[in-house]
Structure formats: structure tokens, C-alpha cells
file my_file30.cif (mmCIF, C-alpha atoms)
data_target
#
loop_
_atom_site.label_atom_id
_atom_site.label_comp_id
_atom_site.auth_asym_id
_atom_site.auth_seq_id
_atom_site.Cartn_x
_atom_site.Cartn_y
_atom_site.Cartn_z
CA MET A 1 0.00 0.00 0.00
CA ASN A 2 2.85 2.42 0.81
CA ILE A 3 4.37 1.81 -2.64
CA LEU A 4 1.04 2.56 -4.29
CA ILE A 5 0.58 5.78 -2.29
CA GLY A 6 4.10 6.89 -3.19
CA LEU A 7 3.49 6.21 -6.87
CA LEU A 8 0.23 8.17 -6.83
CA ILE A 9 1.88 11.18 -5.17
CA ILE A 10 4.71 11.18 -7.70
CA ALA A 11 2.14 10.83 -10.50
CA VAL A 12 0.25 13.92 -9.31
CA GLY A 13 3.47 15.93 -9.28
CA SER A 14 4.43 14.55 -12.67
CA PHE A 15 1.09 15.61 -14.13
CA GLY A 16 1.76 19.11 -12.84
CA GLN A 17 5.19 19.23 -14.48
CA SER A 18 3.88 17.92 -17.77
CA SER A 19 1.24 20.64 -17.68
CA SER A 20 3.73 23.42 -16.94
CA TYR A 21 4.42 24.20 -20.60
CA VAL A 22 0.76 24.77 -21.41
CA PRO A 23 0.63 28.27 -19.81
CA ILE A 24 3.30 29.47 -22.24
CA LYS A 25 0.61 29.66 -24.89
CA LYS A 26 -1.21 32.23 -22.75
CA VAL A 27 1.78 34.59 -22.43
CA LYS A 28 1.45 37.58 -24.75
CA SER A 29 3.97 40.02 -26.23
CA TRP A 30 6.98 38.44 -24.53
CA SER A 31 9.90 36.66 -26.19
CA TRP A 32 10.93 33.17 -25.13
CA GLU A 33 13.81 34.37 -22.95
CA SER A 34 11.59 36.81 -21.07
CA PHE A 35 8.99 34.19 -20.28
CA TRP A 36 11.63 31.62 -19.34
CA LEU A 37 13.33 33.93 -16.85
CA VAL A 38 10.16 35.07 -15.11
CA GLN A 39 8.70 31.57 -14.80
CA GLY A 40 12.12 30.44 -13.57
CA ILE A 41 11.98 32.90 -10.69
CA PHE A 42 8.86 31.14 -9.50
CA ALA A 43 9.92 27.58 -10.43
CA TRP A 44 13.49 27.66 -9.11
CA LEU A 45 13.40 30.27 -6.34
CA VAL A 46 9.98 31.21 -4.93
CA PHE A 47 8.24 27.83 -4.70
CA PRO A 48 11.35 25.81 -3.75
CA LEU A 49 11.96 28.29 -0.92
CA LEU A 50 8.38 27.92 0.29
CA GLY A 51 8.74 24.14 0.05
CA ALA A 52 11.96 24.25 2.08
CA PHE A 53 10.20 26.15 4.86
CA LEU A 54 7.78 23.21 5.19
CA ALA A 55 10.73 21.09 6.32
CA VAL A 56 11.61 23.45 9.19
CA PRO A 57 10.48 21.91 12.51
CA ALA A 58 8.74 24.12 15.06
CA GLY A 59 11.26 26.16 17.05
CA HIS A 60 13.95 25.93 14.39
CA SER A 61 15.01 27.94 11.35
CA LEU A 62 15.89 27.11 7.77
CA GLY A 63 19.50 28.07 8.45
CA GLU A 64 19.79 25.33 11.06
CA LEU A 65 19.11 22.71 8.40
CA TYR A 66 22.34 23.83 6.75
CA SER A 67 24.21 23.94 10.08
CA GLU A 68 26.71 21.32 8.92
CA GLY A 69 27.59 23.52 5.95
CA ILE A 70 25.91 24.00 2.60
CA PRO A 71 26.83 21.11 0.27
CA PHE A 72 28.11 23.17 -2.61
CA MET A 73 28.22 20.09 -4.83
CA SER A 74 24.42 20.20 -4.79
CA VAL A 75 24.56 23.80 -6.03
CA LEU A 76 27.22 22.91 -8.62
CA TYR A 77 25.18 20.00 -9.90
CA GLY A 78 22.30 22.46 -10.03
CA VAL A 79 24.34 24.77 -12.27
CA LEU A 80 25.00 21.85 -14.61
CA TRP A 81 21.37 20.81 -14.43
CA GLY A 82 20.53 24.39 -15.38
CA VAL A 83 22.15 23.78 -18.76
CA GLY A 84 19.82 20.82 -19.14
CA GLY A 85 16.82 22.85 -18.01
CA LEU A 86 17.69 25.57 -20.50
CA THR A 87 18.10 23.23 -23.44
CA PHE A 88 15.05 21.31 -22.21
CA GLY A 89 12.97 24.39 -22.88
CA LEU A 90 14.54 24.70 -26.31
CA SER A 91 13.67 21.07 -27.07
CA MET A 92 10.01 21.94 -26.46
CA ARG A 93 10.43 24.83 -28.85
CA TYR A 94 11.84 22.69 -31.68
CA LEU A 95 10.00 19.39 -31.13
CA GLY A 96 6.84 20.26 -29.21
CA VAL A 97 5.69 19.16 -25.77
CA ALA A 98 5.26 15.46 -26.57
CA LEU A 99 8.41 14.52 -28.51
CA GLY A 100 10.68 17.09 -26.86
CA GLN A 101 9.92 15.88 -23.34
CA SER A 102 10.03 12.23 -24.41
CA ILE A 103 13.61 12.33 -25.74
CA SER A 104 14.94 14.65 -23.01
CA LEU A 105 13.33 12.83 -20.12
CA GLY A 106 14.25 9.38 -21.41
CA THR A 107 17.94 10.29 -21.50
CA CYS A 108 17.58 11.98 -18.13
CA ALA A 109 15.93 8.89 -16.63
CA ALA A 110 18.83 6.63 -17.59
CA PHE A 111 21.67 8.88 -16.45
CA GLY A 112 19.85 10.16 -13.36
CA THR A 113 19.05 6.64 -12.14
CA LEU A 114 22.20 4.71 -12.97
CA LEU A 115 24.92 7.26 -12.13
CA PRO A 116 23.95 7.66 -8.43
CA ALA A 117 23.79 3.87 -8.12
CA LEU A 118 27.23 3.48 -9.68
CA PHE A 119 28.69 6.21 -7.47
CA ALA A 120 27.28 4.35 -4.45
CA GLY A 121 29.12 1.20 -5.52
CA THR A 122 26.05 -0.77 -6.64
CA ASN A 123 26.75 -3.79 -8.83
CA LEU A 124 24.35 -3.39 -11.74
CA PHE A 125 24.71 -7.02 -12.81
CA ARG A 126 23.58 -8.73 -9.60
CA GLY A 127 20.54 -8.67 -7.31
CA GLU A 128 18.84 -5.32 -6.80
CA GLY A 129 21.32 -3.61 -9.11
CA LEU A 130 20.27 -5.89 -11.95
CA VAL A 131 16.61 -5.10 -11.27
CA LEU A 132 17.47 -1.41 -11.44
CA LEU A 133 19.34 -1.81 -14.71
CA ALA A 134 16.51 -3.85 -16.24
CA GLY A 135 13.97 -1.25 -15.20
CA VAL A 136 16.00 1.53 -16.85
CA CYS A 137 16.32 -0.56 -20.01
CA ILE A 138 12.53 -0.97 -20.14
CA THR A 139 12.15 2.79 -19.67
CA LEU A 140 14.58 3.47 -22.51
CA ALA A 141 12.76 0.96 -24.69
CA GLY A 142 9.52 2.87 -24.15
CA ILE A 143 11.27 6.16 -24.91
CA ALA A 144 12.80 4.68 -28.07
CA VAL A 145 9.40 3.53 -29.29
CA ILE A 146 7.92 6.97 -28.66
CA GLY A 147 10.92 8.54 -30.41
CA TYR A 148 10.24 6.31 -33.40
CA ALA A 149 6.63 7.47 -33.38
CA GLY A 150 7.96 11.03 -33.45
CA SER A 151 10.15 10.29 -36.47
CA LEU A 152 7.14 8.79 -38.27
CA LYS A 153 5.20 11.89 -37.41
CA ALA A 154 7.90 14.17 -38.82
CA ARG A 155 8.14 12.04 -41.98
CA ASN A 156 4.41 11.99 -42.68
CA MET A 157 3.51 15.60 -41.90
CA SER A 158 3.83 18.36 -44.46
CA ASP A 159 5.93 21.43 -43.65
CA GLU A 160 2.73 23.42 -43.27
CA GLU A 161 1.27 20.92 -40.80
CA LYS A 162 4.51 20.89 -38.78
CA GLN A 163 4.60 24.66 -38.50
CA LYS A 164 0.93 24.79 -37.57
CA ALA A 165 1.38 22.32 -34.70
CA ILE A 166 4.81 23.59 -33.57
CA ARG A 167 5.83 27.04 -34.78
CA ASP A 168 9.62 26.49 -34.70
CA PHE A 169 9.62 22.77 -35.58
CA ALA A 170 13.14 21.51 -36.44
CA PHE A 171 13.56 17.74 -36.04
CA THR A 172 17.35 17.32 -36.37
CA LYS A 173 18.21 20.34 -34.26
CA GLY A 174 15.54 19.40 -31.74
CA ILE A 175 16.85 15.84 -31.27
CA SER A 176 20.39 17.09 -30.64
CA VAL A 177 19.19 19.65 -28.12
CA ALA A 178 16.90 17.13 -26.41
CA LEU A 179 19.73 14.59 -25.94
CA LEU A 180 21.99 17.25 -24.42
CA ALA A 181 19.13 18.39 -22.20
CA GLY A 182 18.57 14.86 -20.94
CA MET A 183 22.20 14.20 -20.07
CA MET A 184 22.66 17.50 -18.23
CA SER A 185 19.25 17.30 -16.53
CA ALA A 186 20.36 14.07 -14.86
CA CYS A 187 22.63 16.24 -12.68
CA PHE A 188 19.51 17.13 -10.66
CA SER A 189 19.41 13.58 -9.36
CA LEU A 190 23.12 13.76 -8.50
CA GLY A 191 22.50 17.04 -6.70
CA LEU A 192 19.85 15.45 -4.52
CA GLU A 193 22.25 12.66 -3.59
CA ALA A 194 24.99 15.18 -2.78
CA GLY A 195 22.69 16.95 -0.31
CA ALA A 196 21.80 13.83 1.68
CA GLU A 197 23.36 15.29 4.85
CA VAL A 198 20.96 18.25 4.77
CA GLN A 199 18.03 15.87 4.54
CA GLN A 200 19.36 13.84 7.46
CA THR A 201 19.85 17.01 9.53
CA ALA A 202 16.26 18.03 8.86
CA LEU A 203 15.02 14.61 9.98
CA ALA A 204 17.21 14.69 13.09
CA LEU A 205 15.70 18.04 14.08
CA GLY A 206 12.20 16.60 13.74
CA ALA A 207 11.19 17.44 10.16
CA SER A 208 8.45 15.37 8.56
CA ASP A 209 9.61 12.62 6.21
CA LEU A 210 7.25 14.09 3.62
CA PHE A 211 9.15 17.39 3.35
CA ALA A 212 12.72 16.59 4.46
CA LEU A 213 14.06 16.54 0.89
CA ASN A 214 12.76 20.05 0.10
CA PRO A 215 15.78 22.00 1.46
CA VAL A 216 18.05 19.95 -0.82
CA ILE A 217 15.79 20.65 -3.80
CA LEU A 218 16.17 24.38 -3.08
CA LEU A 219 19.98 24.13 -3.35
CA VAL A 220 19.81 22.37 -6.71
CA THR A 221 17.23 24.73 -8.19
CA LEU A 222 19.24 27.71 -6.94
CA GLY A 223 22.20 26.54 -9.02
CA GLY A 224 19.95 25.95 -12.00
CA PHE A 225 18.46 29.41 -11.71
CA CYS A 226 21.92 31.01 -11.95
CA THR A 227 22.58 29.27 -15.27
CA ASN A 228 19.20 30.08 -16.78
CA ALA A 229 19.14 33.68 -15.53
CA ALA A 230 22.58 34.38 -17.04
CA TYR A 231 21.52 33.00 -20.42
CA CYS A 232 18.12 34.73 -20.49
CA LEU A 233 19.56 38.12 -19.51
CA TRP A 234 22.22 37.73 -22.20
CA GLN A 235 19.48 36.97 -24.74
CA ASN A 236 17.51 39.98 -23.50
CA ILE A 237 20.54 42.20 -24.19
CA LYS A 238 21.41 40.53 -27.49
CA ASN A 239 17.86 40.61 -28.85
CA ARG A 240 16.96 43.89 -27.14
CA THR A 241 13.99 42.25 -25.50
CA GLY A 242 14.71 43.41 -21.95
CA ARG A 243 12.27 46.26 -22.40
CA GLU A 244 9.44 43.72 -22.57
CA TYR A 245 9.34 43.46 -18.77
CA PHE A 246 8.46 47.13 -18.32
CA SER A 247 7.53 48.38 -21.80
CA VAL A 248 4.76 50.97 -21.92
CA SER A 249 3.63 49.34 -25.16
CA VAL A 250 2.49 46.38 -23.10
CA SER A 251 -0.74 47.07 -21.24
CA VAL A 252 -1.05 46.56 -17.49
CA SER A 253 -3.55 43.77 -18.07
CA THR A 254 -1.10 41.97 -20.38
CA GLY A 255 1.67 42.32 -17.82
CA VAL A 256 -0.53 40.91 -15.06
CA ASN A 257 -1.68 38.12 -17.38
CA ASN A 258 1.92 37.16 -18.17
CA LEU A 259 2.99 37.29 -14.53
CA LEU A 260 0.12 35.06 -13.43
CA PHE A 261 0.73 32.47 -16.13
CA CYS A 262 4.46 32.49 -15.40
CA ALA A 263 3.68 31.87 -11.72
CA LEU A 264 1.32 29.04 -12.68
CA ALA A 265 3.96 27.49 -14.94
CA GLY A 266 6.51 27.73 -12.14
CA LEU A 267 4.19 26.15 -9.60
CA LEU A 268 3.30 23.29 -11.92
CA TRP A 269 6.95 22.67 -12.77
CA TYR A 270 8.03 22.60 -9.11
CA SER A 271 5.25 20.18 -8.22
CA GLN A 272 7.20 17.27 -9.77
CA PHE A 273 10.03 17.53 -7.22
CA PHE A 274 7.72 18.40 -4.36
CA GLY A 275 5.82 15.22 -5.21
CA LEU A 276 9.05 13.25 -5.66
CA GLY A 277 10.20 14.14 -2.15
CA MET A 278 6.87 13.17 -0.65
CA GLY A 279 6.55 10.00 -2.72
CA LYS A 280 10.03 8.73 -1.85
CA SER A 281 9.14 8.91 1.85
CA PHE A 282 6.78 5.97 1.19
CA PHE A 283 9.54 3.91 -0.45
CA THR A 284 11.81 3.66 2.59
CA GLY A 285 11.04 -0.04 2.94
CA SER A 286 12.12 -0.75 -0.64
CA PRO A 287 15.68 0.30 -1.60
CA VAL A 288 15.04 -0.63 -5.23
CA MET A 289 12.02 1.68 -5.48
CA LEU A 290 14.00 4.46 -3.80
CA ALA A 291 16.80 4.08 -6.34
CA PHE A 292 14.32 3.81 -9.23
CA SER A 293 12.13 6.75 -8.13
CA TRP A 294 13.94 9.15 -10.47
CA SER A 295 13.24 6.95 -13.48
CA ILE A 296 9.61 6.59 -12.38
CA LEU A 297 9.23 10.37 -12.31
CA MET A 298 10.75 10.75 -15.77
CA SER A 299 8.58 7.96 -17.20
CA LEU A 300 5.43 9.54 -15.81
CA ASN A 301 6.52 12.92 -17.18
CA VAL A 302 6.83 11.39 -20.64
CA ILE A 303 3.44 9.71 -20.37
CA PHE A 304 1.63 12.86 -19.29
CA SER A 305 3.52 15.08 -21.75
CA ASN A 306 2.33 12.90 -24.62
CA VAL A 307 -1.21 13.07 -23.29
CA TRP A 308 -0.88 16.86 -23.45
CA GLY A 309 0.64 16.55 -26.90
CA ILE A 310 -2.48 14.73 -28.06
CA LEU A 311 -4.76 17.30 -26.42
CA LEU A 312 -2.78 20.15 -28.01
CA LYS A 313 -3.19 18.45 -31.40
CA GLU A 314 0.55 17.95 -31.92
CA TRP A 315 -0.18 14.46 -33.23
CA ASN A 316 -2.95 15.52 -35.59
CA GLY A 317 -2.52 14.46 -39.19
CA VAL A 318 -0.49 11.32 -38.45
CA GLY A 319 -1.45 7.85 -39.65
CA ARG A 320 -2.79 4.85 -37.75
CA ARG A 321 0.65 3.24 -37.68
CA THR A 322 2.15 6.23 -35.88
CA VAL A 323 -0.65 6.26 -33.32
CA THR A 324 -0.19 2.52 -32.70
CA VAL A 325 3.54 2.95 -32.15
CA LEU A 326 2.91 5.87 -29.78
CA ILE A 327 0.42 3.88 -27.69
CA ALA A 328 2.82 0.92 -27.55
CA GLY A 329 5.56 3.20 -26.23
CA LEU A 330 3.28 4.65 -23.56
CA LEU A 331 2.23 1.16 -22.42
CA ILE A 332 5.87 0.13 -22.08
CA LEU A 333 6.53 3.19 -19.93
CA ILE A 334 3.54 2.46 -17.72
CA PHE A 335 4.87 -1.05 -17.17
CA SER A 336 8.34 0.32 -16.37
CA THR A 337 7.00 2.29 -13.37
CA VAL A 338 5.85 -0.87 -11.57
CA PHE A 339 8.41 -3.38 -12.88
CA PRO A 340 11.06 -2.95 -10.11
CA ASN A 341 8.53 -3.47 -7.34
CA LEU A 342 6.98 -6.49 -9.06
CA VAL A 343 10.35 -8.19 -9.54
CA ASN A 344 11.82 -7.15 -6.19
CA SER A 345 8.83 -8.53 -4.27
CA ASN A 346 9.58 -11.96 -5.79
CA LEU A 347 13.30 -11.94 -5.03
#
call {"tool": "encode", "arguments": {"input": "my_file30.cif", "output": "C-alpha cells"}}
result
Amino acid sequence: MNILIGLLIIAVGSFGQSSSYVPIKKVKSWSWESFWLVQGIFAWLVFPLLGAFLAVPAGHSLGELYSEGIPFMSVLYGVLWGVGGLTFGLSMRYLGVALGQSISLGTCAAFGTLLPALFAGTNLFRGEGLVLLAGVCITLAGIAVIGYAGSLKARNMSDEEKQKAIRDFAFTKGISVALLAGMMSACFSLGLEAGAEVQQTALALGASDLFALNPVILLVTLGGFCTNAAYCLWQNIKNRTGREYFSVSVSVSTGVNNLLFCALAGLLWYSQFFGLGMGKSFFTGSPVMLAFSWSILMSLNVIFSNVWGILLKEWNGVGRRTVTVLIAGLLILIFSTVFPNLVNSNL
């Protein structure tokens, strides 16, 4: 029952993340870099800070959770993850919500799950390590099938249909960016592992298991914000779009509209890691599920992102074969989220 509850909590957060790119369509008169920076303030600073405060036990302060010293490796991994987060947004731009997230998150799932296990000395060819490796392989198989569906989609759609569904559609460039995004985004998982002492300090002071990971998440997102803010401000200067934030040509109502939708996008994006921290607290009795939780989150993100892709008509105009391949890939991913627990319970 605990495993099921944990999976449901992670699924809710995953649905929020997969929905976070929908508000971008409601932002008016702002360039991509302007939207990305403002939503990033909410996604990587405001809401992670609020989440971290939930881990502060009564009578203590947030600073006390870092009393043993801030693990700067978590922040550094966050800076590297920021490169992934930045290119992740670009992958959405070139491939759309469905295919862009599928390729990026599949790569991220593999690296983010296996690297921490390897660094911890886990043997991936025996026992629980083998279960972990098999689970990742199933996840990658599902991602590969969905990627194939995306290539069929690109092959069968006319240039006009591609541009109608995704304004800046560019398949080759998008695939390259998505792979880079996935590899660098896996650093988020490494950042969480690097901040394990902060989580343990929070628990020792009396923090709830549900929220103890939140202060570590704040450190990683802080590093990621630095990377993204530097790039977006540079783009603002290069493209002379910095005036968009305060331009008199943009009405007050448009500015408020953009701010609200940026805040909504940030909240939805952060919900995936808020849910991950809560969900993992229900996996403490299963080391395999704890180690595989990152891959579960990425798989669910891919599943929900493709659901949104269907709703946003990104798959319109494709043939029955493409739809069949897409559904097959989604079913494989659904199976991958429960595979480790099914196998581990029989070991």
C-alpha cells in the first residue's frame, strides 16, 4: 500500500510538471527568454523556498538545516542541471511538448538513475542492481518507441502541418538539443544525492519525512536558476527584449496576465520535485524503489507530456501506424514504473 501511495503522489506531481508548458501559450507580447526567466523565478526560487520552509520543525530555522555547511556540490550539480533545463525548454520549442519531453526525459531517466547507483558502488549485474538496470532498459525501450513514433510523425507531416502544430519545428536540431538536455538534466538527481546530509539534519531536528528533501531541492534549483538567468539576460541584451518586462507598449492587463501564467507554470513545474520528495518517503522499505524513483518520475513525465501533446493536437494528421507505435511506447513506460517493485517482491 505504501508503494502505491508513493506512486500516486509522484504521479500527481508529474502531471503538474507535464502541464507546466501549457501556460506558455497564454503569455502575450513576450519573447521566449523573457517568459523563461520570469517563470524560472517562480519555479526555481519562490516555490522551492516555500517548500523548504515546510521542512523546518517548530522552534527551528531554515539556516539550522544547513548547520553542517551547505553542500556546494548540490549547487554545482544544479548549475550543470541548469544547462539541461535551459536546453530542455529549447527542445520543447523545436520538437513540441510530446516529442521534446520524451527524448529529453528518457535520457535523463537513464543517467539520473544509474549514475547515483554506480557512485554508491552498486553492482548493476547482480541482485537489486540488476533489477534497477533492467527497469531503466525498459524505460529506454519505451522512450525509443515513442521517439520512433515522433520520427514517423515528422516524416508523414507536411511542412505546413509541422509549423501549424509547432511554430519552430526543427527535427534534427531538436533531437540534438533534447539529448543534451537529458544528459545534463540528470545532474539534478546527483545534486539530490549530494545533499543527503541536509536531509538527514532536517530529519534529526524533527522534520516530517514528507518534506525533508525540500531543502536539498532548493539548493539544486538555486544553481539551476543562476545558469538560466545568465543566459536569459544575455538573450535579453542581445535581442533587445529586456524592455518587454516594463515596456509601456504592453498594457497593465497583459503584464498581469503574463505574470500570473508564469507563476502558474513555475508552480506546476516545481510540483514534480515536491511530489518526488513526498513520494520517496513511502519507499523507505524498498531500496530498489528508492533508487528507481527518479526513473519513475521521468517515465510519468513522458506519459503525461504525450497526453498533453495529443490534447494540443501535436499528433494531428499522423497515420494509424504512428498512433499505434505511440500507444505501444506509452504502455511500455507504464509497465516500467511498476516493474522494479513487481520483480523485487519476488526476489
call {"tool": "atom_distance", "arguments": {"input": "my_file30.cif", "atom1": "CA of Ala181 (chain A)", "atom2": "CA of Leu124 (chain A)"}}
result
24.7 Å
call {"tool": "resolve_selection", "arguments": {"input": "my_file30.cif", "expression": "the PyMOL selection byres ((chain A and resi 176-179) around 7)", "output": "list in words"}}
result
Thr87, Phe88, Ser91, Gly100, Ile103, Ser104, Thr107, Thr172, Lys173, Gly174, Ile175, Leu180, Ala181, Gly182 and Met183 of chain A
call {"tool": "closest_residue", "arguments": {"input": "my_file30.cif", "among": "A:Tyr94, A:Phe292, A:Phe42, A:Trp36", "to": "Leu115 (chain A)", "atoms": "all atoms listed in the file"}}
result
A:Phe292
call {"tool": "resolve_selection", "arguments": {"input": "my_file30.cif", "expression": "the PyMOL selection byres ((chain A and resi 219-235) around 6)", "output": "compact mmCIF listing (two decimals) with C-alpha atoms, in the coordinates of the input"}}
result
# COMPACT_ATOMS: atom_id res chain seq x y z
CA GLU A 33 13.81 34.37 -22.95
CA LEU A 37 13.33 33.93 -16.85
CA TRP A 44 13.49 27.66 -9.11
CA SER A 74 24.42 20.20 -4.79
CA VAL A 75 24.56 23.80 -6.03
CA GLY A 78 22.30 22.46 -10.03
CA VAL A 79 24.34 24.77 -12.27
CA TRP A 81 21.37 20.81 -14.43
CA GLY A 82 20.53 24.39 -15.38
CA GLY A 191 22.50 17.04 -6.70
CA VAL A 216 18.05 19.95 -0.82
CA ILE A 217 15.79 20.65 -3.80
CA LEU A 218 16.17 24.38 -3.08
CA ASN A 236 17.51 39.98 -23.50
CA ILE A 237 20.54 42.20 -24.19
CA LYS A 238 21.41 40.53 -27.49
CA ASN A 239 17.86 40.61 -28.85
call {"tool": "resolve_selection", "arguments": {"input": "my_file30.cif", "expression": "the PyMOL selection byres ((chain A and resi 140) around 10)", "output": "VMD selection string"}}
result
chain A and resid 103 105 to 107 109 to 110 134 to 139 141 to 146 295 299 329 332 to 333 336
call {"tool": "write_last_selection", "arguments": {"input": "my_file30.cif", "atoms": "C-alpha atoms", "output": "compact mmCIF listing (two decimals), in the frame of the given file"}}
result
# COMPACT_ATOMS: atom_id res chain seq x y z
CA ILE A 103 13.61 12.33 -25.74
CA LEU A 105 13.33 12.83 -20.12
CA GLY A 106 14.25 9.38 -21.41
CA THR A 107 17.94 10.29 -21.50
CA ALA A 109 15.93 8.89 -16.63
CA ALA A 110 18.83 6.63 -17.59
CA ALA A 134 16.51 -3.85 -16.24
CA GLY A 135 13.97 -1.25 -15.20
CA VAL A 136 16.00 1.53 -16.85
CA CYS A 137 16.32 -0.56 -20.01
CA ILE A 138 12.53 -0.97 -20.14
CA THR A 139 12.15 2.79 -19.67
CA ALA A 141 12.76 0.96 -24.69
CA GLY A 142 9.52 2.87 -24.15
CA ILE A 143 11.27 6.16 -24.91
CA ALA A 144 12.80 4.68 -28.07
CA VAL A 145 9.40 3.53 -29.29
CA ILE A 146 7.92 6.97 -28.66
CA SER A 295 13.24 6.95 -13.48
CA SER A 299 8.58 7.96 -17.20
CA GLY A 329 5.56 3.20 -26.23
CA ILE A 332 5.87 0.13 -22.08
CA LEU A 333 6.53 3.19 -19.93
CA SER A 336 8.34 0.32 -16.37
call {"tool": "closest_residue", "arguments": {"input": "my_file30.cif", "among": "A:Thr284, A:Thr241, A:Asn316, A:Asn258", "to": "Pro23 (chain A)", "atoms": "only C-alpha atoms"}}
result
A:Asn258
call {"tool": "atom_distance", "arguments": {"input": "my_file30.cif", "atom1": "CA of Val22 (chain A)", "atom2": "CA of Arg93 (chain A)"}}
result
12.2 Å
call {"tool": "closest_residue", "arguments": {"input": "my_file30.cif", "among": "A:Val288, A:Leu190, A:Ala52, A:Ala43", "to": "Cys108 (chain A)", "atoms": "all atoms listed in the file"}}
result
A:Leu190
call {"tool": "residues_around", "arguments": {"input": "my_file30.cif", "residues": "Ala202 (chain A)", "least_positions_apart": "4", "cutoff": "7 Å", "atoms": "all atoms listed in the file", "output": "number ranges by chain"}}
result
A: 55, 65, 198, 206-207, 212
call {"tool": "closest_residue", "arguments": {"input": "my_file30.cif", "among": "A:Val38, A:Leu205, A:Leu213, A:Leu90", "to": "Ala58 (chain A)", "atoms": "only C-alpha atoms"}}
result
A:Leu205
call {"tool": "residues_around", "arguments": {"input": "my_file30.cif", "residues": "region 117-119 of chain A", "least_positions_apart": "6", "cutoff": "10 Å", "atoms": "only C-alpha atoms", "output": "PyMOL selection string"}}
result
chain A and resi 111+129+132-133+190+193+291-292
call {"tool": "residues_around", "arguments": {"input": "my_file30.cif", "residues": "Leu260 (chain A)", "least_positions_apart": "5", "cutoff": "12 Å", "atoms": "all atoms listed in the file", "output": "MDAnalysis selection string"}}
result
chainID A and resid 23:24 26:28 35 38:39 42 253:255 265:267
call {"tool": "residues_around", "arguments": {"input": "my_file30.cif", "residues": "Gly69 (chain A)", "least_positions_apart": "6", "cutoff": "12 Å", "atoms": "all atoms listed in the file", "output": "PyMOL selection string"}}
result
chain A and resi 63+195+197-198+201
call {"tool": "atom_distance", "arguments": {"input": "my_file30.cif", "atom1": "CA of Met298 (chain A)", "atom2": "CA of Tyr77 (chain A)"}}
result
18.1 Å
call {"tool": "closest_residue", "arguments": {"input": "my_file30.cif", "among": "A:Ile296, A:Gly112, A:Ser286, A:Trp308", "to": "Thr337 (chain A)", "atoms": "only C-alpha atoms"}}
result
A:Ile296
call {"tool": "residues_around", "arguments": {"input": "my_file30.cif", "residues": "Ala11 (chain A)", "least_positions_apart": "2", "cutoff": "8 Å", "atoms": "all atoms listed in the file", "output": "PDB file with C-alpha atoms, in the frame of the given file"}}
result
ATOM      1  CA  LEU A   7       3.490   6.210  -6.870  1.00  0.00           C
ATOM      2  CA  LEU A   8       0.230   8.170  -6.830  1.00  0.00           C
ATOM      3  CA  ILE A   9       1.880  11.180  -5.170  1.00  0.00           C
ATOM      4  CA  GLY A  13       3.470  15.930  -9.280  1.00  0.00           C
ATOM      5  CA  SER A  14       4.430  14.550 -12.670  1.00  0.00           C
ATOM      6  CA  PHE A  15       1.090  15.610 -14.130  1.00  0.00           C
ATOM      7  CA  GLY A 275       5.820  15.220  -5.210  1.00  0.00           C
ATOM      8  CA  LEU A 297       9.230  10.370 -12.310  1.00  0.00           C
ATOM      9  CA  LEU A 300       5.430   9.540 -15.810  1.00  0.00           C
TER      10      LEU A 300
END
call {"tool": "closest_residue", "arguments": {"input": "my_file30.cif", "among": "A:Ser34, A:Ser18, A:Ser189, A:Asn2", "to": "Tyr245 (chain A)", "atoms": "only C-alpha atoms"}}
result
A:Ser34
